$ cat model_8.cif   # mmCIF, C-alpha atoms
data_start
#
loop_
_atom_site.label_atom_id
_atom_site.label_comp_id
_atom_site.auth_asym_id
_atom_site.auth_seq_id
_atom_site.Cartn_x
_atom_site.Cartn_y
_atom_site.Cartn_z
CA MET A 1 1.16 25.18 -16.77
CA THR A 2 -1.91 22.95 -16.74
CA VAL A 3 -3.25 20.06 -18.76
CA THR A 4 -6.88 19.82 -19.79
CA VAL A 5 -8.82 16.59 -19.39
CA GLU A 6 -9.10 16.40 -23.17
CA ALA A 7 -5.33 16.72 -23.59
CA ALA A 8 -4.71 14.13 -20.88
CA THR A 9 -7.09 11.75 -22.65
CA ASP A 10 -5.20 12.24 -25.93
CA VAL A 11 -1.90 11.44 -24.21
CA LEU A 12 -3.32 8.28 -22.63
CA ALA A 13 -4.77 7.09 -25.94
CA GLN A 14 -1.43 7.63 -27.67
CA ILE A 15 0.39 5.69 -24.97
CA HIS A 16 -2.03 2.79 -25.32
CA ASP A 17 -1.34 2.75 -29.06
CA GLU A 18 2.40 2.61 -28.41
CA MET A 19 2.34 0.30 -25.41
CA GLY A 20 2.98 -3.01 -27.16
CA ASP A 21 3.33 -6.03 -24.92
CA PHE A 22 1.95 -5.35 -21.48
CA ASP A 23 2.51 -7.06 -18.15
CA PRO A 24 -0.27 -6.20 -15.66
CA ASP A 25 2.19 -6.71 -12.81
CA THR A 26 4.42 -3.91 -14.10
CA ARG A 27 4.29 -0.45 -12.51
CA ALA A 28 5.89 2.64 -14.01
CA LEU A 29 5.60 6.31 -13.06
CA VAL A 30 6.71 9.20 -15.28
CA ALA A 31 6.24 12.96 -15.24
CA LEU A 32 4.07 14.80 -17.75
CA ALA A 33 5.51 18.22 -18.56
CA VAL A 34 3.85 20.79 -20.82
CA THR A 35 6.23 22.02 -23.51
CA GLY A 36 3.80 23.94 -25.71
CA GLU A 37 0.16 24.67 -26.38
CA SER A 38 -0.51 21.06 -27.38
CA SER A 39 2.80 19.31 -26.77
CA PHE A 40 4.10 17.36 -23.82
CA ASP A 41 7.22 15.56 -22.67
CA LEU A 42 7.34 12.39 -20.63
CA THR A 43 10.33 12.40 -18.30
CA ASP A 44 11.64 10.17 -15.55
CA VAL A 45 10.91 10.97 -11.94
CA ASP A 46 13.47 10.91 -9.15
CA LEU A 47 12.14 8.91 -6.22
CA ALA A 48 14.32 9.42 -3.13
CA ASP A 49 15.69 6.41 -1.28
CA ASN A 50 13.27 7.06 1.59
CA GLY A 51 10.25 7.00 -0.73
CA VAL A 52 9.65 10.75 -1.06
CA LEU A 53 8.89 12.08 -4.53
CA GLU A 54 9.36 15.77 -5.27
CA VAL A 55 8.47 17.23 -8.66
CA GLY A 56 9.23 20.57 -10.22
CA ASP A 57 6.73 23.28 -11.04
CA ASP A 58 6.98 22.33 -14.73
CA VAL A 59 5.35 18.95 -14.02
CA ALA A 60 1.63 19.21 -14.71
CA GLY A 61 0.83 15.61 -13.99
CA LEU A 62 2.20 12.18 -13.25
CA LEU A 63 1.43 9.29 -15.52
CA LEU A 64 1.07 5.81 -14.07
CA LEU A 65 1.30 2.60 -16.03
CA THR A 66 -0.46 -0.03 -13.99
CA GLY A 67 -2.67 -3.04 -14.40
CA ASP A 68 -4.50 -5.89 -12.81
CA ARG A 69 -6.12 -9.21 -13.52
CA VAL A 70 -9.89 -9.28 -13.28
CA GLU A 71 -12.50 -12.01 -13.51
CA LEU A 72 -15.26 -11.49 -16.05
CA VAL A 73 -18.45 -13.49 -16.25
CA ASP A 74 -17.91 -14.29 -19.92
CA ARG A 75 -14.28 -15.33 -19.62
CA ALA A 76 -12.94 -18.66 -18.38
CA ALA A 77 -9.75 -17.16 -16.94
CA PRO A 78 -8.81 -13.81 -15.40
CA VAL A 79 -8.18 -11.07 -17.95
CA ALA A 80 -5.21 -8.72 -17.89
CA VAL A 81 -6.27 -5.08 -17.64
CA ARG A 82 -4.07 -2.67 -19.61
CA HIS A 83 -4.39 0.54 -17.63
CA VAL A 84 -2.78 3.97 -17.91
CA VAL A 85 -3.71 6.76 -15.50
CA VAL A 86 -2.74 10.42 -15.34
CA ILE A 87 -2.96 12.26 -12.03
CA LEU A 88 -2.92 16.01 -12.52
CA ARG A 89 -1.61 18.62 -10.14
CA ASP A 90 -5.12 19.92 -9.39
CA GLY A 91 -6.39 16.46 -8.35
CA VAL A 92 -8.12 15.52 -11.57
CA GLU A 93 -7.54 11.88 -12.52
CA VAL A 94 -8.17 10.28 -15.88
CA GLY A 95 -7.68 6.65 -16.76
CA MET A 96 -7.94 4.58 -19.89
CA PHE A 97 -7.90 0.81 -20.04
CA ARG A 98 -8.40 -2.21 -22.24
CA LEU A 99 -9.67 -5.54 -20.98
CA GLY A 100 -7.13 -7.98 -22.35
CA GLU A 101 -4.95 -8.03 -25.44
CA ASP A 102 -7.88 -8.52 -27.83
CA ASP A 103 -10.02 -5.62 -26.59
CA ASP A 104 -10.18 -2.96 -29.31
CA THR A 105 -12.19 -0.57 -27.11
CA LEU A 106 -10.43 2.03 -25.01
CA HIS A 107 -12.54 2.49 -21.87
CA ARG A 108 -12.19 5.85 -20.14
CA TRP A 109 -12.98 7.12 -16.65
CA SER A 110 -12.45 10.36 -14.75
CA ASN A 111 -12.97 11.30 -11.13
CA LEU A 112 -14.72 14.43 -12.41
CA GLN A 113 -17.71 12.18 -13.06
CA PRO A 114 -18.93 11.18 -9.58
CA ASP A 115 -21.46 8.64 -10.92
CA ASP A 116 -18.90 6.87 -13.12
CA GLU A 117 -18.78 3.26 -11.92
CA ASP A 118 -15.49 2.71 -13.78
CA ALA A 119 -13.95 5.60 -11.85
CA ARG A 120 -15.08 4.15 -8.53
CA VAL A 121 -13.70 0.70 -9.32
CA MET A 122 -10.67 1.51 -11.46
CA ARG A 123 -9.10 4.45 -9.61
CA PRO A 124 -5.80 2.85 -8.52
CA ARG A 125 -5.15 2.43 -4.82
CA ASP A 126 -1.65 0.95 -5.05
CA PRO A 127 1.39 2.68 -3.53
CA ALA A 128 2.64 3.97 -6.89
CA ALA A 129 -0.60 5.87 -7.47
CA ASN A 130 -0.48 7.31 -3.97
CA VAL A 131 3.12 8.38 -4.46
CA ALA A 132 1.90 10.40 -7.44
CA ARG A 133 -0.93 11.92 -5.40
CA ARG A 134 1.34 12.86 -2.51
CA ALA A 135 3.86 14.47 -4.88
CA PHE A 136 1.14 17.08 -5.49
CA GLY A 137 -0.03 17.14 -1.88
CA LEU A 138 -3.22 15.27 -2.78
CA PRO A 139 -4.87 12.77 -0.42
CA SER A 140 -4.00 9.11 -0.75
CA LEU A 141 -6.72 6.74 -1.92
CA VAL A 142 -6.64 3.69 0.33
CA ASP A 143 -9.28 1.23 1.47
CA ASP A 144 -9.94 1.89 5.14
CA VAL A 145 -7.79 -0.23 7.44
CA PRO A 146 -8.66 -0.66 11.16
CA VAL A 147 -5.79 0.40 13.40
CA VAL A 148 -5.94 -3.02 15.09
CA GLU A 149 -4.06 -4.24 12.02
CA LEU A 150 -1.09 -2.22 13.31
CA VAL A 151 -1.62 -3.47 16.87
CA ALA A 152 -1.68 -7.08 15.65
CA ARG A 153 1.63 -6.63 13.87
CA ILE A 154 3.32 -4.91 16.82
CA TRP A 155 2.21 -7.66 19.17
CA SER A 156 3.12 -10.48 16.76
CA VAL A 157 6.61 -9.06 16.25
CA HIS A 158 6.93 -9.00 20.05
CA VAL A 159 6.02 -12.72 20.16
CA ALA A 160 8.71 -13.51 17.60
CA GLN A 161 11.33 -11.51 19.50
CA VAL A 162 10.50 -13.25 22.77
CA ALA A 163 10.67 -16.66 21.10
CA LEU A 164 14.09 -15.93 19.61
CA ARG A 165 15.41 -14.54 22.90
CA LEU A 166 14.30 -17.60 24.89
CA PHE A 167 15.71 -19.87 22.21
CA ASP A 168 19.11 -18.17 22.51
CA GLU A 169 18.98 -18.21 26.33
CA ARG A 170 18.38 -21.96 26.23
CA GLY A 171 21.38 -22.60 24.07
CA GLY A 172 19.44 -23.26 20.92
CA GLN A 173 16.90 -25.62 22.47
CA PRO A 174 13.29 -25.29 21.28
CA VAL A 175 11.07 -23.34 23.68
CA PRO A 176 7.93 -25.12 24.96
CA LEU A 177 4.87 -23.18 23.87
CA PRO A 178 3.56 -22.69 27.47
CA ASP A 179 6.90 -21.10 28.45
CA LEU A 180 6.68 -18.76 25.47
CA THR A 181 3.10 -17.70 26.12
CA ALA A 182 3.83 -16.98 29.78
CA GLU A 183 6.84 -14.82 28.89
CA VAL A 184 4.93 -12.98 26.14
CA VAL A 185 2.14 -12.05 28.54
CA ALA A 186 4.63 -10.98 31.22
CA THR A 187 6.59 -8.70 28.90
CA GLU A 188 4.12 -7.59 26.23
CA PRO A 189 4.17 -3.97 25.06
CA ASP A 190 1.71 -1.45 26.40
CA ILE A 191 -0.58 -0.98 23.41
CA ASP A 192 -4.24 -0.02 23.54
CA PRO A 193 -6.14 0.01 20.23
CA ALA A 194 -8.74 2.34 21.77
CA GLU A 195 -6.05 5.01 22.09
CA MET A 196 -4.41 4.48 18.71
CA THR A 197 -5.14 6.04 15.34
CA TRP A 198 -3.22 5.96 12.10
CA GLY A 199 -2.77 9.70 12.41
CA GLY A 200 -1.27 9.21 15.86
CA ALA A 201 1.01 6.44 14.60
CA ARG A 202 2.18 8.72 11.79
CA GLU A 203 2.94 11.50 14.28
CA LEU A 204 5.04 9.05 16.31
CA ALA A 205 6.93 8.10 13.16
CA ILE A 206 7.56 11.77 12.33
CA ARG A 207 9.20 12.06 15.77
CA ASP A 208 11.09 8.80 15.12
CA ARG A 209 9.24 7.11 17.99
CA LEU A 210 7.31 4.41 16.13
CA ARG A 211 9.67 1.49 16.47
CA PHE A 212 9.04 -2.18 17.08
CA GLY A 213 11.31 -5.12 16.45
CA PRO A 214 13.48 -4.43 13.40
CA TYR A 215 10.97 -1.99 11.93
CA ARG A 216 11.75 1.71 11.71
CA PHE A 217 9.95 4.39 9.72
CA ASP A 218 11.70 7.32 8.10
CA PRO A 219 10.50 10.60 9.70
CA GLU A 220 10.71 12.60 6.47
CA HIS A 221 8.74 9.96 4.58
CA ALA A 222 6.11 9.80 7.34
CA ALA A 223 5.71 13.59 7.25
CA TRP A 224 5.36 13.52 3.45
CA LEU A 225 2.65 10.85 3.57
CA ASP A 226 -0.83 11.45 4.93
CA ALA A 227 -2.37 9.13 7.52
CA ALA A 228 -3.99 6.85 4.95
CA GLY A 229 -0.84 6.57 2.89
CA PHE A 230 1.20 5.92 6.02
CA ALA A 231 -1.17 3.10 6.99
CA GLN A 232 -0.70 1.54 3.57
CA HIS A 233 3.08 1.88 3.84
CA VAL A 234 3.25 0.28 7.28
CA LEU A 235 1.07 -2.67 6.38
CA ARG A 236 3.12 -3.34 3.25
CA SER A 237 6.39 -3.03 5.18
CA VAL A 238 5.51 -5.27 8.13
CA PRO A 239 4.33 -8.80 7.26
CA GLU A 240 1.10 -10.23 8.56
CA PRO A 241 1.59 -12.69 11.47
CA ALA A 242 0.92 -15.70 9.26
CA GLU A 243 3.73 -14.64 6.93
CA PHE A 244 6.53 -14.94 9.46
CA LEU A 245 5.43 -16.73 12.65
CA ASP A 246 5.28 -20.15 11.00
CA THR A 247 9.05 -19.81 10.46
CA LEU A 248 9.46 -20.20 14.24
CA SER A 249 8.66 -23.91 14.06
CA VAL A 250 12.30 -24.80 14.80
CA VAL A 251 12.40 -22.34 17.71
CA VAL A 252 9.17 -23.23 19.53
CA GLU A 253 7.73 -26.62 20.50
CA GLY A 254 4.09 -26.30 19.54
CA ASP A 255 1.99 -24.42 17.04
CA VAL A 256 2.92 -20.83 17.83
CA LEU A 257 1.08 -19.48 14.79
CA ALA A 258 -2.20 -21.10 15.85
CA TRP A 259 -1.80 -19.68 19.37
CA VAL A 260 -1.07 -16.17 18.06
CA LEU A 261 -4.04 -16.20 15.69
CA ALA A 262 -6.35 -17.46 18.43
CA GLU A 263 -5.03 -14.83 20.84
CA LEU A 264 -5.49 -12.05 18.30
CA GLU A 265 -9.05 -13.24 17.79
CA ARG A 266 -9.69 -13.33 21.52
CA ARG A 267 -8.41 -9.79 21.94
CA GLY A 268 -10.46 -8.49 19.03
CA TRP A 269 -7.40 -7.54 17.00
CA THR A 270 -8.44 -9.24 13.77
CA ALA A 271 -10.97 -6.73 12.47
CA PRO A 272 -11.58 -7.25 8.74
CA VAL A 273 -10.51 -4.66 6.22
CA THR A 274 -13.59 -2.79 5.04
CA PRO A 275 -13.91 -0.67 1.88
CA GLY A 276 -13.68 3.06 2.39
CA ALA A 277 -12.18 6.19 0.95
#
$ encode --input "model_8.cif" --output "structure tokens"
Amino acid sequence: MTVTVEAATDVLAQIHDEMGDFDPDTRALVALAVTGESSFDLTDVDLADNGVLEVGDDVAGLLLLTGDRVELVDRAAPVAVRHVVVILRDGVEVGMFRLGEDDDTLHRWSNLQPDDEDARVMRPRDPAANVARRAFGLPSLVDDVPVVELVARIWSVHVAQVALRLFDERGGQPVPLPDLTAEVVATEPDIDPAEMTWGGARELAIRDRLRFGPYRFDPEHAAWLDAAGFAQHVLRSVPEPAEFLDTLSVVVEGDVLAWVLAELERRGWTAPVTPGA
């Protein structure tokens, strides 16, 4: 059974009326099932431990409660966006939002309107929205991420592992930075960004061959995701170098984080994230 855009809009408006207090940091995902000509049920979804979401044929859409904080030119502080989105089985997406608690206007967007600026800006790109899309086999919506972001993480994890190994081999004595850098270069993994793609990385994960440091990726989950969604998953699972390398200050004598960031820059592995579909 299907849901029309008009019916989806009615459901979203009703939910906004019933929402009450709203935390823009909260995410919730529920199933929208058609029970009659103009009636629907909202039911819980069963997300598997490995991140895969399967829905029954009776589910016509998935409804996402999401939000954000945005800066407006006429407001002194960021405003909480109250946002509810329905993603239908056929790929149609409809969203309704209010800008802050005191906004009486329900703004609406739909991806059926290609010139709708609200749709371009407001279509959610977070993992919860992409879980809903993938449950229907729809493409993930993710800002384009250069594959060097993966290379940078693989190499930085290697640096951390080498530092910890040398620290243990020296009986818990801090490792001089020159000793660390020499060992890193001598043992670094064979990775070539020119030969890597997110699709290729996903295929490795499906075969359970994408492994580095403590990071492993579930083959079933990788197969369920598309390449863009897999890229998003990896980069949210593996911290950026700056998030973990500064914790090695008791292991290494010298500023290992500064060296890693400079080395990534020298190698051209710090390409900025650029907007893209």
$ residues_near_point --input "model_8.cif" --point "(1.5, -5.8, -5.5)" --cutoff "10 Å" --atoms "only C-alpha atoms" --output "ChimeraX atom specification"
/A:25-27,68,126-128,236
$ resolve_selection --input "model_8.cif" --expression "the PyMOL selection byres ((chain A and resi 59) around 9)" --output "MDAnalysis selection string"
chainID A and resid 1:2 31:34 55:58 60:62 88:89
$ write_last_selection --input "model_8.cif" --atoms "C-alpha atoms" --output "PDB file, in the frame of the given file"
ATOM      1  CA  MET A   1       1.160  25.180 -16.770  1.00  0.00           C
ATOM      2  CA  THR A   2      -1.910  22.950 -16.740  1.00  0.00           C
ATOM      3  CA  ALA A  31       6.240  12.960 -15.240  1.00  0.00           C
ATOM      4  CA  LEU A  32       4.070  14.800 -17.750  1.00  0.00           C
ATOM      5  CA  ALA A  33       5.510  18.220 -18.560  1.00  0.00           C
ATOM      6  CA  VAL A  34       3.850  20.790 -20.820  1.00  0.00           C
ATOM      7  CA  VAL A  55       8.470  17.230  -8.660  1.00  0.00           C
ATOM      8  CA  GLY A  56       9.230  20.570 -10.220  1.00  0.00           C
ATOM      9  CA  ASP A  57       6.730  23.280 -11.040  1.00  0.00           C
ATOM     10  CA  ASP A  58       6.980  22.330 -14.730  1.00  0.00           C
ATOM     11  CA  ALA A  60       1.630  19.210 -14.710  1.00  0.00           C
ATOM     12  CA  GLY A  61       0.830  15.610 -13.990  1.00  0.00           C
ATOM     13  CA  LEU A  62       2.200  12.180 -13.250  1.00  0.00           C
ATOM     14  CA  LEU A  88      -2.920  16.010 -12.520  1.00  0.00           C
ATOM     15  CA  ARG A  89      -1.610  18.620 -10.140  1.00  0.00           C
TER      16      ARG A  89
END
$ residues_around --input "model_8.cif" --residues "Gly137 in chain A" --least-positions-apart "6" --cutoff "10 Å" --atoms "all atoms listed in the file" --output "VMD selection string"
chain A and resid 89 to 91 131 224 to 226
$ resolve_selection --input "model_8.cif" --expression "the PyMOL selection byres ((chain A and resi 176) around 6)" --output "PyMOL selection string"
chain A and resi 175+177-179+252-253
$ residues_around --input "model_8.cif" --residues "Ala228 in chain A" --least-positions-apart "4" --cutoff "7 Å" --atoms "only C-alpha atoms" --output "list in words"
Ser140, Val142 and Gln232 of chain A
$ resolve_selection --input "model_8.cif" --expression "the PyMOL selection byres ((chain A and resi 29) around 12)" --output "PDB file with C-alpha atoms, in the frame of the given file"
ATOM      1  CA  THR A  26       4.420  -3.910 -14.100  1.00  0.00           C
ATOM      2  CA  ARG A  27       4.290  -0.450 -12.510  1.00  0.00           C
ATOM      3  CA  ALA A  28       5.890   2.640 -14.010  1.00  0.00           C
ATOM      4  CA  VAL A  30       6.710   9.200 -15.280  1.00  0.00           C
ATOM      5  CA  ALA A  31       6.240  12.960 -15.240  1.00  0.00           C
ATOM      6  CA  LEU A  32       4.070  14.800 -17.750  1.00  0.00           C
ATOM      7  CA  LEU A  42       7.340  12.390 -20.630  1.00  0.00           C
ATOM      8  CA  THR A  43      10.330  12.400 -18.300  1.00  0.00           C
ATOM      9  CA  ASP A  44      11.640  10.170 -15.550  1.00  0.00           C
ATOM     10  CA  VAL A  45      10.910  10.970 -11.940  1.00  0.00           C
ATOM     11  CA  ASP A  46      13.470  10.910  -9.150  1.00  0.00           C
ATOM     12  CA  LEU A  47      12.140   8.910  -6.220  1.00  0.00           C
ATOM     13  CA  LEU A  53       8.890  12.080  -4.530  1.00  0.00           C
ATOM     14  CA  GLY A  61       0.830  15.610 -13.990  1.00  0.00           C
ATOM     15  CA  LEU A  62       2.200  12.180 -13.250  1.00  0.00           C
ATOM     16  CA  LEU A  63       1.430   9.290 -15.520  1.00  0.00           C
ATOM     17  CA  LEU A  64       1.070   5.810 -14.070  1.00  0.00           C
ATOM     18  CA  LEU A  65       1.300   2.600 -16.030  1.00  0.00           C
ATOM     19  CA  THR A  66      -0.460  -0.030 -13.990  1.00  0.00           C
ATOM     20  CA  VAL A  84      -2.780   3.970 -17.910  1.00  0.00           C
ATOM     21  CA  VAL A  85      -3.710   6.760 -15.500  1.00  0.00           C
ATOM     22  CA  VAL A  86      -2.740  10.420 -15.340  1.00  0.00           C
ATOM     23  CA  ILE A  87      -2.960  12.260 -12.030  1.00  0.00           C
ATOM     24  CA  PRO A 127       1.390   2.680  -3.530  1.00  0.00           C
ATOM     25  CA  ALA A 128       2.640   3.970  -6.890  1.00  0.00           C
ATOM     26  CA  ALA A 129      -0.600   5.870  -7.470  1.00  0.00           C
ATOM     27  CA  ASN A 130      -0.480   7.310  -3.970  1.00  0.00           C
ATOM     28  CA  VAL A 131       3.120   8.380  -4.460  1.00  0.00           C
ATOM     29  CA  ALA A 132       1.900  10.400  -7.440  1.00  0.00           C
ATOM     30  CA  ARG A 133      -0.930  11.920  -5.400  1.00  0.00           C
ATOM     31  CA  ALA A 135       3.860  14.470  -4.880  1.00  0.00           C
TER      32      ALA A 135
END
$ closest_residue --input "model_8.cif" --among "A:Ala77, A:Leu166, A:Asp17, A:Arg153" --to "Asp104 in chain A" --atoms "all atoms listed in the file"
A:Asp17
$ closest_residue --input "model_8.cif" --among "A:His233, A:Val70, A:Glu54, A:Leu180" --to "Arg216 in chain A" --atoms "all atoms listed in the file"
A:His233
$ closest_residue --input "model_8.cif" --among "A:His83, A:Arg108, A:Arg207, A:Arg266" --to "Thr9 in chain A" --atoms "only C-alpha atoms"
A:Arg108
$ closest_residue --input "model_8.cif" --among "A:Asn111, A:Asp103, A:Leu248, A:Val94" --to "Gln161 in chain A" --atoms "only C-alpha atoms"
A:Leu248
$ atom_distance --input "model_8.cif" --atom1 "CA of Trp198 in chain A" --atom2 "CA of Phe136 in chain A"
21.3 Å
$ build_atoms --input "model_8.cif" --residues "range 101-111 of chain A" --atoms "all heavy atoms" --output "mmCIF file, in the frame of the given file"
data_model
loop_
_atom_site.group_PDB
_atom_site.id
_atom_site.type_symbol
_atom_site.label_atom_id
_atom_site.label_comp_id
_atom_site.auth_asym_id
_atom_site.auth_seq_id
_atom_site.Cartn_x
_atom_site.Cartn_y
_atom_site.Cartn_z
ATOM 1 N N GLU A 101 -5.697 -8.375 -24.235
ATOM 2 C CA GLU A 101 -4.950 -8.030 -25.440
ATOM 3 C C GLU A 101 -5.866 -7.849 -26.646
ATOM 4 O O GLU A 101 -5.546 -7.124 -27.581
ATOM 5 C CB GLU A 101 -3.927 -9.143 -25.728
ATOM 6 C CG GLU A 101 -2.888 -9.352 -24.628
ATOM 7 C CD GLU A 101 -1.876 -8.235 -24.576
ATOM 8 O OE1 GLU A 101 -1.756 -7.504 -25.578
ATOM 9 O OE2 GLU A 101 -1.202 -8.103 -23.550
ATOM 10 N N ASP A 102 -7.024 -8.531 -26.649
ATOM 11 C CA ASP A 102 -7.880 -8.520 -27.830
ATOM 12 C C ASP A 102 -9.014 -7.512 -27.744
ATOM 13 O O ASP A 102 -9.936 -7.532 -28.568
ATOM 14 C CB ASP A 102 -8.455 -9.926 -28.070
ATOM 15 C CG ASP A 102 -9.236 -10.450 -26.868
ATOM 16 O OD1 ASP A 102 -9.140 -9.812 -25.803
ATOM 17 O OD2 ASP A 102 -9.894 -11.499 -27.001
ATOM 18 N N ASP A 103 -8.979 -6.640 -26.738
ATOM 19 C CA ASP A 103 -10.020 -5.620 -26.590
ATOM 20 C C ASP A 103 -9.650 -4.395 -27.414
ATOM 21 O O ASP A 103 -8.655 -3.725 -27.153
ATOM 22 C CB ASP A 103 -10.182 -5.247 -25.117
ATOM 23 C CG ASP A 103 -11.359 -4.313 -24.870
ATOM 24 O OD1 ASP A 103 -12.059 -3.978 -25.848
ATOM 25 O OD2 ASP A 103 -11.573 -3.914 -23.713
ATOM 26 N N ASP A 104 -10.460 -4.107 -28.438
ATOM 27 C CA ASP A 104 -10.180 -2.960 -29.310
ATOM 28 C C ASP A 104 -10.736 -1.657 -28.747
ATOM 29 O O ASP A 104 -10.446 -0.575 -29.270
ATOM 30 C CB ASP A 104 -10.770 -3.200 -30.701
ATOM 31 C CG ASP A 104 -10.076 -4.339 -31.427
ATOM 32 O OD1 ASP A 104 -8.878 -4.547 -31.176
ATOM 33 O OD2 ASP A 104 -10.741 -5.026 -32.223
ATOM 34 N N THR A 105 -11.544 -1.764 -27.673
ATOM 35 C CA THR A 105 -12.190 -0.570 -27.110
ATOM 36 C C THR A 105 -11.348 0.023 -25.997
ATOM 37 O O THR A 105 -10.914 -0.683 -25.086
ATOM 38 C CB THR A 105 -13.579 -0.931 -26.564
ATOM 39 O OG1 THR A 105 -14.370 -1.499 -27.603
ATOM 40 C CG2 THR A 105 -14.270 0.310 -26.006
ATOM 41 N N LEU A 106 -11.113 1.322 -26.083
ATOM 42 C CA LEU A 106 -10.430 2.030 -25.010
ATOM 43 C C LEU A 106 -11.497 2.581 -24.059
ATOM 44 O O LEU A 106 -12.250 3.490 -24.427
ATOM 45 C CB LEU A 106 -9.584 3.174 -25.562
ATOM 46 C CG LEU A 106 -8.081 2.937 -25.691
ATOM 47 C CD1 LEU A 106 -7.406 4.161 -26.279
ATOM 48 C CD2 LEU A 106 -7.455 2.585 -24.358
ATOM 49 N N HIS A 107 -11.588 2.022 -22.864
ATOM 50 C CA HIS A 107 -12.540 2.490 -21.870
ATOM 51 C C HIS A 107 -11.915 3.655 -21.102
ATOM 52 O O HIS A 107 -10.722 3.623 -20.778
ATOM 53 C CB HIS A 107 -12.905 1.352 -20.917
ATOM 54 C CG HIS A 107 -13.340 0.096 -21.614
ATOM 55 N ND1 HIS A 107 -14.626 -0.110 -22.036
ATOM 56 C CD2 HIS A 107 -12.626 -1.010 -21.977
ATOM 57 C CE1 HIS A 107 -14.711 -1.295 -22.612
ATOM 58 N NE2 HIS A 107 -13.519 -1.854 -22.594
ATOM 59 N N ARG A 108 -12.721 4.653 -20.788
ATOM 60 C CA ARG A 108 -12.190 5.850 -20.140
ATOM 61 C C ARG A 108 -12.996 6.149 -18.881
ATOM 62 O O ARG A 108 -14.200 5.938 -18.832
ATOM 63 C CB ARG A 108 -12.279 7.044 -21.087
ATOM 64 C CG ARG A 108 -11.896 8.396 -20.491
ATOM 65 C CD ARG A 108 -12.198 9.508 -21.502
ATOM 66 N NE ARG A 108 -11.925 10.829 -20.986
ATOM 67 C CZ ARG A 108 -12.758 11.524 -20.203
ATOM 68 N NH1 ARG A 108 -13.912 11.002 -19.843
ATOM 69 N NH2 ARG A 108 -12.432 12.736 -19.796
ATOM 70 N N TRP A 109 -12.308 6.642 -17.854
ATOM 71 C CA TRP A 109 -12.980 7.120 -16.650
ATOM 72 C C TRP A 109 -12.307 8.402 -16.172
ATOM 73 O O TRP A 109 -11.162 8.680 -16.530
ATOM 74 C CB TRP A 109 -12.962 6.067 -15.529
ATOM 75 C CG TRP A 109 -11.581 5.654 -15.082
ATOM 76 C CD1 TRP A 109 -10.869 4.575 -15.515
ATOM 77 C CD2 TRP A 109 -10.750 6.319 -14.133
ATOM 78 N NE1 TRP A 109 -9.637 4.522 -14.914
ATOM 79 C CE2 TRP A 109 -9.537 5.582 -14.055
ATOM 80 C CE3 TRP A 109 -10.895 7.466 -13.350
ATOM 81 C CZ2 TRP A 109 -8.488 5.959 -13.212
ATOM 82 C CZ3 TRP A 109 -9.840 7.848 -12.511
ATOM 83 C CH2 TRP A 109 -8.667 7.092 -12.446
ATOM 84 N N SER A 110 -13.015 9.152 -15.361
ATOM 85 C CA SER A 110 -12.450 10.360 -14.750
ATOM 86 C C SER A 110 -13.133 10.574 -13.407
ATOM 87 O O SER A 110 -14.335 10.319 -13.268
ATOM 88 C CB SER A 110 -12.673 11.580 -15.638
ATOM 89 O OG SER A 110 -12.354 12.774 -14.932
ATOM 90 N N ASN A 111 -12.366 11.031 -12.436
ATOM 91 C CA ASN A 111 -12.970 11.300 -11.130
ATOM 92 C C ASN A 111 -13.799 12.593 -11.144
ATOM 93 O O ASN A 111 -14.400 12.958 -10.132
ATOM 94 C CB ASN A 111 -11.905 11.361 -10.030
ATOM 95 C CG ASN A 111 -10.933 12.516 -10.198
ATOM 96 O OD1 ASN A 111 -10.782 13.078 -11.287
ATOM 97 N ND2 ASN A 111 -10.249 12.869 -9.125
#
